>>> print(open('query05.txt').read())   # compact mmCIF, C-alpha atoms
# COMPACT_ATOMS: atom_id res chain seq x y z
CA MET A 1 5.31 19.54 1.61
CA ILE A 2 4.65 15.93 2.57
CA PRO A 3 6.27 15.08 5.93
CA GLU A 4 8.53 12.03 5.96
CA HIS A 5 8.58 9.76 8.99
CA GLY A 6 10.69 6.83 10.07
CA THR A 7 9.96 3.18 9.44
CA ASN A 8 8.21 2.62 12.77
CA TYR A 9 5.94 5.67 12.53
CA HIS A 10 2.32 5.19 13.58
CA LEU A 11 -0.35 7.88 13.54
CA PRO A 12 -2.56 7.54 16.64
CA PRO A 13 -6.26 7.72 15.70
CA LYS A 14 -7.92 10.82 17.16
CA LYS A 15 -11.46 10.63 15.78
CA ILE A 16 -13.92 7.80 16.37
CA SER A 17 -14.04 7.22 12.60
CA ASP A 18 -10.25 6.80 12.59
CA GLN A 19 -10.45 4.35 15.45
CA LEU A 20 -13.06 2.30 13.60
CA ILE A 21 -11.07 2.28 10.37
CA ARG A 22 -7.94 1.34 12.29
CA PHE A 23 -9.82 -1.55 13.88
CA LEU A 24 -10.91 -2.70 10.42
CA VAL A 25 -7.32 -2.68 9.21
CA LYS A 26 -6.22 -4.74 12.22
CA PHE A 27 -9.10 -7.13 11.57
CA LEU A 28 -7.93 -7.63 7.98
CA ARG A 29 -4.35 -8.07 9.17
CA PHE A 30 -5.48 -10.84 11.53
CA PHE A 31 -6.92 -12.88 8.66
CA ALA A 32 -3.88 -12.24 6.47
CA ASP A 33 -1.63 -13.54 9.28
CA LEU A 34 -3.89 -16.53 9.77
CA PHE A 35 -3.93 -17.52 6.09
CA PHE A 36 -0.38 -16.74 4.97
CA LYS A 37 1.49 -17.16 8.28
CA ASP A 38 5.22 -16.98 7.42
CA ARG A 39 4.78 -17.19 3.64
CA TYR A 40 5.72 -13.55 3.19
CA ALA A 41 6.33 -13.64 -0.55
CA HIS A 42 2.87 -15.12 -1.18
CA ARG A 43 1.39 -12.57 1.22
CA ALA A 44 3.09 -9.79 -0.73
CA VAL A 45 1.68 -11.03 -4.05
CA PHE A 46 -1.83 -11.09 -2.61
CA ILE A 47 -1.59 -7.75 -0.81
CA GLU A 48 -0.04 -5.87 -3.72
CA THR A 49 -2.90 -6.89 -6.06
CA ILE A 50 -5.13 -4.94 -3.68
CA ALA A 51 -2.71 -2.16 -2.71
CA ALA A 52 -2.67 -0.81 -6.27
CA ILE A 53 -6.42 -0.08 -6.16
CA PRO A 54 -6.66 2.99 -3.83
CA GLY A 55 -4.28 5.21 -5.80
CA MET A 56 -6.13 4.53 -9.05
CA VAL A 57 -9.55 5.08 -7.46
CA GLY A 58 -8.46 8.26 -5.70
CA GLY A 59 -6.72 9.64 -8.78
CA ALA A 60 -9.77 8.96 -10.98
CA PHE A 61 -12.23 10.55 -8.54
CA LEU A 62 -10.00 13.58 -8.09
CA HIS A 63 -9.56 13.89 -11.84
CA PHE A 64 -13.32 14.07 -12.45
CA LYS A 65 -13.88 16.43 -9.51
CA CYS A 66 -11.28 18.84 -10.83
CA LEU A 67 -12.88 18.73 -14.28
CA ARG A 68 -16.35 19.40 -12.89
CA LYS A 69 -15.28 22.24 -10.64
CA ILE A 70 -12.61 23.55 -13.01
CA LYS A 71 -9.99 23.59 -10.26
CA ASP A 72 -6.34 22.70 -10.03
CA ASP A 73 -5.43 19.38 -8.40
CA GLU A 74 -2.20 20.76 -6.87
CA GLY A 75 -0.33 17.74 -8.17
CA TRP A 76 -2.30 15.13 -6.23
CA ILE A 77 -3.72 13.27 -9.23
CA GLN A 78 -0.27 12.30 -10.50
CA THR A 79 0.86 11.49 -6.97
CA LEU A 80 -1.98 9.01 -6.52
CA LEU A 81 -1.56 7.46 -9.97
CA ASP A 82 2.18 7.10 -9.34
CA GLU A 83 1.32 5.31 -6.10
CA ALA A 84 -0.92 2.85 -7.96
CA GLU A 85 1.80 2.19 -10.54
CA ASN A 86 4.44 1.73 -7.85
CA GLU A 87 2.30 -0.80 -6.01
CA ARG A 88 1.81 -2.69 -9.28
CA MET A 89 5.58 -2.86 -9.68
CA HIS A 90 5.79 -4.37 -6.18
CA LEU A 91 3.51 -7.11 -7.49
CA MET A 92 5.64 -7.62 -10.60
CA ALA A 93 8.71 -8.08 -8.40
CA PHE A 94 7.15 -10.59 -6.04
CA ILE A 95 5.52 -12.62 -8.78
CA GLN A 96 9.10 -13.52 -9.74
CA ILE A 97 9.68 -14.85 -6.23
CA ALA A 98 6.42 -16.61 -5.38
CA LYS A 99 3.88 -18.11 -7.76
CA PRO A 100 0.34 -17.92 -6.31
CA SER A 101 -1.53 -21.21 -5.99
CA TRP A 102 -4.92 -21.73 -7.64
CA LEU A 103 -6.60 -21.00 -4.30
CA GLU A 104 -4.68 -17.77 -3.90
CA ARG A 105 -5.60 -16.73 -7.45
CA ILE A 106 -9.28 -17.29 -6.67
CA LEU A 107 -8.92 -15.24 -3.49
CA ILE A 108 -7.24 -12.48 -5.46
CA TYR A 109 -10.26 -12.22 -7.80
CA PHE A 110 -12.74 -12.05 -4.93
CA ALA A 111 -10.58 -9.75 -2.80
CA GLN A 112 -9.95 -7.32 -5.65
CA PHE A 113 -13.64 -7.09 -6.51
CA GLY A 114 -14.74 -6.78 -2.88
CA PHE A 115 -12.04 -4.32 -1.90
CA GLY A 116 -12.55 -2.25 -5.04
CA PHE A 117 -16.27 -1.91 -4.31
CA PHE A 118 -15.63 -1.14 -0.63
CA TYR A 119 -12.94 1.47 -1.26
CA THR A 120 -14.89 3.19 -4.03
CA THR A 121 -17.92 3.45 -1.73
CA LEU A 122 -15.76 4.73 1.13
CA TYR A 123 -14.19 7.33 -1.14
CA LEU A 124 -17.61 8.55 -2.26
CA CYS A 125 -18.69 8.91 1.38
CA SER A 126 -15.48 10.46 2.72
CA SER A 127 -12.29 10.86 0.71
CA GLY A 128 -10.47 12.00 3.85
CA LEU A 129 -11.38 8.84 5.72
CA ALA A 130 -10.50 6.74 2.65
CA HIS A 131 -6.97 8.14 2.62
CA ARG A 132 -6.69 7.60 6.37
CA PHE A 133 -7.67 3.97 5.77
CA VAL A 134 -4.87 3.60 3.21
CA GLY A 135 -2.45 5.26 5.61
CA TYR A 136 -3.19 2.58 8.21
CA LEU A 137 -3.02 -0.17 5.59
CA GLU A 138 0.43 1.06 4.64
CA GLU A 139 1.50 1.03 8.29
CA GLU A 140 0.69 -2.67 8.34
CA ALA A 141 2.49 -3.19 5.04
CA VAL A 142 5.62 -1.59 6.50
CA GLN A 143 5.40 -3.90 9.51
CA SER A 144 4.92 -6.95 7.29
CA TYR A 145 8.02 -6.13 5.27
CA THR A 146 9.95 -5.51 8.48
CA ASP A 147 8.91 -8.97 9.68
CA TYR A 148 9.97 -10.35 6.29
CA ILE A 149 13.44 -8.85 6.74
CA THR A 150 13.65 -10.25 10.28
CA HIS A 151 12.98 -13.77 8.95
CA ILE A 152 15.72 -13.32 6.35
CA ASP A 153 18.16 -12.08 8.99
CA ASN A 154 17.53 -15.03 11.32
CA GLY A 155 17.83 -17.53 8.47
CA THR A 156 14.20 -18.66 8.39
CA ILE A 157 13.87 -17.36 4.82
CA LYS A 158 16.70 -17.69 2.31
CA ASN A 159 18.21 -14.43 1.12
CA GLY A 160 18.50 -15.20 -2.59
CA PRO A 161 19.22 -12.82 -5.47
CA ALA A 162 16.74 -10.06 -6.25
CA PRO A 163 14.78 -10.48 -9.51
CA GLU A 164 16.25 -8.65 -12.48
CA MET A 165 13.24 -6.38 -12.98
CA GLY A 166 13.45 -5.32 -9.34
CA ILE A 167 17.12 -4.44 -9.71
CA HIS A 168 16.31 -2.36 -12.78
CA TYR A 169 13.21 -0.60 -11.40
CA TRP A 170 14.69 0.33 -8.01
CA LYS A 171 18.17 0.91 -9.44
CA LEU A 172 19.78 -1.57 -7.06
CA LYS A 173 23.33 -2.86 -7.36
CA LYS A 174 23.78 -5.74 -9.82
CA ASN A 175 24.33 -8.32 -7.07
CA ALA A 176 21.38 -7.08 -4.98
CA THR A 177 19.65 -9.63 -2.78
CA LEU A 178 16.04 -10.26 -1.81
CA ARG A 179 16.71 -8.33 1.40
CA ASP A 180 17.87 -5.28 -0.59
CA LEU A 181 14.70 -5.45 -2.67
CA ILE A 182 12.43 -5.65 0.38
CA ILE A 183 14.16 -2.66 1.97
CA ALA A 184 13.52 -0.64 -1.20
CA ILE A 185 9.87 -1.72 -1.30
CA ARG A 186 9.42 -0.97 2.40
CA LYS A 187 10.73 2.54 1.75
CA ASP A 188 8.03 2.95 -0.92
CA GLU A 189 5.37 1.82 1.56
CA CYS A 190 6.60 4.33 4.14
CA HIS A 191 6.20 7.06 1.52
CA HIS A 192 2.68 5.90 0.59
CA ARG A 193 1.77 5.84 4.29
CA ASP A 194 2.95 9.41 4.80
CA VAL A 195 1.30 10.65 1.59
CA ASN A 196 -2.12 9.23 2.48
CA HIS A 197 -2.05 10.37 6.11
CA HIS A 198 -0.98 13.85 4.98
CA LEU A 199 -3.63 14.08 2.26
CA SER A 200 -6.27 12.91 4.75
CA ASN A 201 -5.21 15.69 7.13
CA LEU A 202 -5.40 18.27 4.34
CA ILE A 203 -8.85 17.15 3.14
CA ARG A 204 -10.35 16.97 6.62
CA GLY A 205 -8.78 20.27 7.60
CA GLU A 206 -10.16 21.72 4.34
CA LYS A 207 -6.67 22.91 3.34
CA PHE A 208 -7.15 20.96 0.14
CA LYS A 209 -10.65 20.80 -1.25
CA VAL A 210 -11.98 20.36 -4.78
>>> encode(input="query05.txt", output="structure tokens")
Amino acid sequence: MIPEHGTNYHLPPKKISDQLIRFLVKFLRFFADLFFKDRYAHRAVFIETIAAIPGMVGGAFLHFKCLRKIKDDEGWIQTLLDEAENERMHLMAFIQIAKPSWLERILIYFAQFGFGFFYTTLYLCSSGLAHRFVGYLEEEAVQSYTDYITHIDNGTIKNGPAPEMGIHYWKLKKNATLRDLIIAIRKDECHHRDVNHHLSNLIRGEKFKV
């Protein structure tokens, strides 16, 4: 059973590898803050184009491993593919709110290629560490969406209506606002955070191994 934690949950790094990967995540967060600043919708568009990569990579690798070793995946392949699809839906929602500039579109191409290569290599070297990396990325995503909500609450960002596709996908009320949508998306990110930290613990503790 995957443990569920609150919004502000943070898993303290215990191993040196975890500390290094956590530092990398903070390093990436620094540049995201520097570039996007308070443009949270544009930040979300950029981040979600990358966030949908790990689940697809992990699901594909696990799929082939299970085929080679003729072992059951214990439901993790679908879990990871569902994560990738859910992150893509986050992108589809925010693309209705913020249209990326030509510079942001160029960055998306480079970031997706670079991150895809990095994460695939990391997964080949250590799938447990790769999932820990995603867990820490999701912690930062949760914090970013919390900051987004704070800006809406203090009036810095207008709380307009949620896009129709977001209302349909997350089954929100018909008059749902942007704030309602972000809360729903933040809940997804909390789940992805917990899933990846838990799977990392299982792999490294050899309770799940294929």
>>> residues_around(input="query05.txt", residues="Val134 of chain A", least_positions_apart="6", cutoff="10 Å", atoms="all atoms listed in the file", output="list of chain:residue names")
A:Ile21, A:Arg22, A:Val25, A:Ala51, A:Pro54, A:Gly55, A:Tyr119, A:Glu140, A:His192, A:Arg193, A:Asp194, A:Val195, A:Asn196, A:His197, A:Ser200
>>> residues_around(input="query05.txt", residues="Ser126 of chain A", least_positions_apart="4", cutoff="10 Å", atoms="all atoms listed in the file", output="ChimeraX atom specification")
/A:120-122,130-132,200,203-204
>>> atom_distance(input="query05.txt", atom1="atom CA of Gln78 of chain A", atom2="atom CA of Gly116 of chain A")
19.8 Å
>>> residues_around(input="query05.txt", residues="Ala32 of chain A", least_positions_apart="6", cutoff="10 Å", atoms="all atoms listed in the file", output="PyMOL selection string")
chain A and resi 26+43+46-47
>>> closest_atom_pairs(input="query05.txt", of="segment 177-201 of chain A", to="segment 150-169 of chain A", cutoff="12 Å", atoms="all atoms listed in the file", output="Markdown table")
| residue | atom | partner | partner_atom | distance |
| --- | --- | --- | --- | --- |
| A:Thr177 | CA | A:Pro161 | CA | 4.2 |
| A:Leu178 | CA | A:Ala162 | CA | 4.5 |
| A:Arg179 | CA | A:Asn159 | CA | 6.3 |
| A:Asp180 | CA | A:Ala162 | CA | 7.5 |
| A:Leu181 | CA | A:Ala162 | CA | 6.2 |
| A:Ile182 | CA | A:Ala162 | CA | 9.1 |
| A:Ile183 | CA | A:Thr150 | CA | 11.3 |
| A:Ala184 | CA | A:Gly166 | CA | 9.4 |
| A:Ile185 | CA | A:Gly166 | CA | 9.5 |
>>> write_last_selection(input="query05.txt", atoms="C-alpha atoms", output="mmCIF file, keeping the file's coordinate frame")
data_model
loop_
_atom_site.group_PDB
_atom_site.id
_atom_site.type_symbol
_atom_site.label_atom_id
_atom_site.label_comp_id
_atom_site.auth_asym_id
_atom_site.auth_seq_id
_atom_site.Cartn_x
_atom_site.Cartn_y
_atom_site.Cartn_z
ATOM 1 C CA THR A 177 19.650 -9.630 -2.780
ATOM 2 C CA LEU A 178 16.040 -10.260 -1.810
ATOM 3 C CA ARG A 179 16.710 -8.330 1.400
ATOM 4 C CA ASP A 180 17.870 -5.280 -0.590
ATOM 5 C CA LEU A 181 14.700 -5.450 -2.670
ATOM 6 C CA ILE A 182 12.430 -5.650 0.380
ATOM 7 C CA ILE A 183 14.160 -2.660 1.970
ATOM 8 C CA ALA A 184 13.520 -0.640 -1.200
ATOM 9 C CA ILE A 185 9.870 -1.720 -1.300
#
>>> residues_around(input="query05.txt", residues="segment 11-19 of chain A", least_positions_apart="4", cutoff="9 Å", atoms="only C-alpha atoms", output="list in words")
Phe23, Leu24, Leu129, Arg132, Phe133, Gly135, Tyr136, Glu139 and His197 of chain A
>>> closest_atom_pairs(input="query05.txt", of="segment 7-76 of chain A", to="segment 96-99 of chain A", cutoff="10 Å", atoms="all atoms listed in the file", output="Markdown table")
| residue | atom | partner | partner_atom | distance |
| --- | --- | --- | --- | --- |
| A:Arg39 | CA | A:Ala98 | CA | 9.2 |
| A:Tyr40 | CA | A:Ala98 | CA | 9.1 |
| A:Ala41 | CA | A:Ala98 | CA | 5.7 |
| A:His42 | CA | A:Ala98 | CA | 5.7 |
| A:Arg43 | CA | A:Ala98 | CA | 9.2 |
| A:Ala44 | CA | A:Ala98 | CA | 8.9 |
| A:Val45 | CA | A:Ala98 | CA | 7.4 |
>>> residues_around(input="query05.txt", residues="segment 81-85 of chain A", least_positions_apart="6", cutoff="6 Å", atoms="all atoms listed in the file", output="ChimeraX atom specification")
/A:52,55-56,59
>>> atom_distance(input="query05.txt", atom1="atom CA of Ile106 of chain A", atom2="atom CA of Asp38 of chain A")
20.2 Å
>>> closest_residue(input="query05.txt", among="A:Leu103, A:Glu48, A:Glu4, A:Arg186", to="Met89 of chain A", atoms="all atoms listed in the file")
A:Glu48
>>> atom_distance(input="query05.txt", atom1="atom CA of Gly205 of chain A", atom2="atom CA of His5 of chain A")
20.3 Å
>>> closest_residue(input="query05.txt", among="A:Arg68, A:Val142, A:Ala60, A:Ile50", to="Phe115 of chain A", atoms="only C-alpha atoms")
A:Ile50
>>> closest_residue(input="query05.txt", among="A:Gln112, A:Ser144, A:Thr79, A:Asn201", to="Ser127 of chain A", atoms="only C-alpha atoms")
A:Asn201
>>> closest_residue(input="query05.txt", among="A:Ile95, A:His191, A:Tyr109, A:Glu74", to="Ala141 of chain A", atoms="all atoms listed in the file")
A:His191
